[in-house]
Amino acid sequence: GWELREADGRALGRFDAVVIATPAAQAAPLLEASPALAERARAVGVQATCAALVAFDAPLETGWDGARDPGGELAWIARESSKPGRPRALDAWVLHASPSLSGALLEEEKDTIAAALLERFAARLGRELPEPVVLQGHRWRYAQTTQPLGEPCLWDPALRLGACGDGCLGARVEHAWESGVAMAGRILAS
């Protein structure tokens with residue numbers, strides 16, 4: 001079995017199996033008990049995305065609620081407040097930078113990221129924007145799997161150690177779900 005501990009040494013308990021469901025780059029050092037699994041995890045390619053959440057007191061007149069522009073500096077723009085069941089008190093938008101802009105901004109402070117994406121949003125709309133009531137930047141270092149493993153999950157039956165997630169099959173949320181289901185199947189079969 002496995003005994004897991006906090007960084008400070010506090011015991012979390014004993015377990016028959018351990019599954020790591022974090023981005024592959026973060027899983028690799030945790031998989032070192034099985035060098036083959038750790039090596040496979042290190043083979044996953046990922047791409048960072050810088051993002052911002054911006055909200056205004058009043059709706060922006062855009063004529064659209066979402067835009068995808070793979071060649072532009074803002075690869076994805078979505079009006080969160082237009083989605084079903086979302087609060088409409090504020091006009092909230094999520095902005096995702098392109099891979100190249102994300103690479104340029106990745107090590108910047110979150111406020112700098114947010115300001116840069118807001119500036120590009122205003123440029124995309126071709127006008128000045130009102131003062132946002134919310135502006136938050138986010139650095140999503142392991143956002144997109146670019147080179148998945150091509151296998152549903154990683155599992156060492158002798159150690160009862162495994163890993164699953166979007167790095168196994170692909171970048172979409174359903175790939176992560178399929179990987180988790182496959183991991184459960186491996187555990188149950190061993």
# chains A, B, ... in the order shown; residues from 1 in each chain; ligands from 1
call {"tool": "select_by_dssp", "arguments": {"residues": "range 46-179 of chain A", "states": "strand (DSSP E or B)", "output": "PyMOL selection string"}}
result
chain A and resi 46-56+66-68+74-79+91-97+134-147+154-156+161-163
call {"tool": "residues_around", "arguments": {"residues": "Ser179 in chain A", "least_positions_apart": "5", "cutoff": "6 Å", "atoms": "only C-alpha atoms", "output": "list in words"}}
result
Pro152, Cys153, Cys164 and Gly165 of chain A
call {"tool": "closest_residue", "arguments": {"among": "A:Arg14, A:Ala24, A:Val173, A:Asp69", "to": "Arg141 in chain A", "atoms": "only C-alpha atoms"}}
result
A:Ala24
call {"tool": "select_by_dssp", "arguments": {"residues": "chain A", "states": "alpha helix (DSSP H)", "output": "PyMOL selection string"}}
result
chain A and resi 24-30+35-42+99-105+110-125+166-169+173-189
call {"tool": "residues_around", "arguments": {"residues": "range 30-40 of chain A", "least_positions_apart": "6", "cutoff": "9 Å", "atoms": "only C-alpha atoms", "output": "list of chain:residue names"}}
result
A:Ile20, A:Ala24, A:Leu149, A:Leu154, A:Trp155, A:Asp156, A:Leu159, A:Leu161, A:Gly162, A:Ala163
call {"tool": "residues_around", "arguments": {"residues": "Gly103 in chain A", "least_positions_apart": "6", "cutoff": "9 Å", "atoms": "only C-alpha atoms", "output": "PyMOL selection string"}}
result
chain A and resi 47-50
call {"tool": "atom_distance", "arguments": {"atom1": "CA of Gln147 in chain A", "atom2": "CA of Val44 in chain A"}}
result
5.4 Å
call {"tool": "residues_around", "arguments": {"residues": "Glu131 in chain A", "least_positions_apart": "5", "cutoff": "12 Å", "atoms": "only C-alpha atoms", "output": "PyMOL selection string"}}
result
chain A and resi 54-58+60+115+118-119+122
call {"tool": "closest_residue", "arguments": {"among": "A:Ala114, A:Pro132, A:Gly85, A:Glu109", "to": "Ala97 in chain A", "atoms": "only C-alpha atoms"}}
result
A:Ala114
call {"tool": "closest_residue", "arguments": {"among": "A:Arg127, A:Arg172, A:Lys110, A:Arg139", "to": "Glu61 in chain A", "atoms": "only C-alpha atoms"}}
result
A:Arg127
call {"tool": "atom_distance", "arguments": {"atom1": "CA of Tyr142 in chain A", "atom2": "CA of Ala27 in chain A"}}
result
11.7 Å
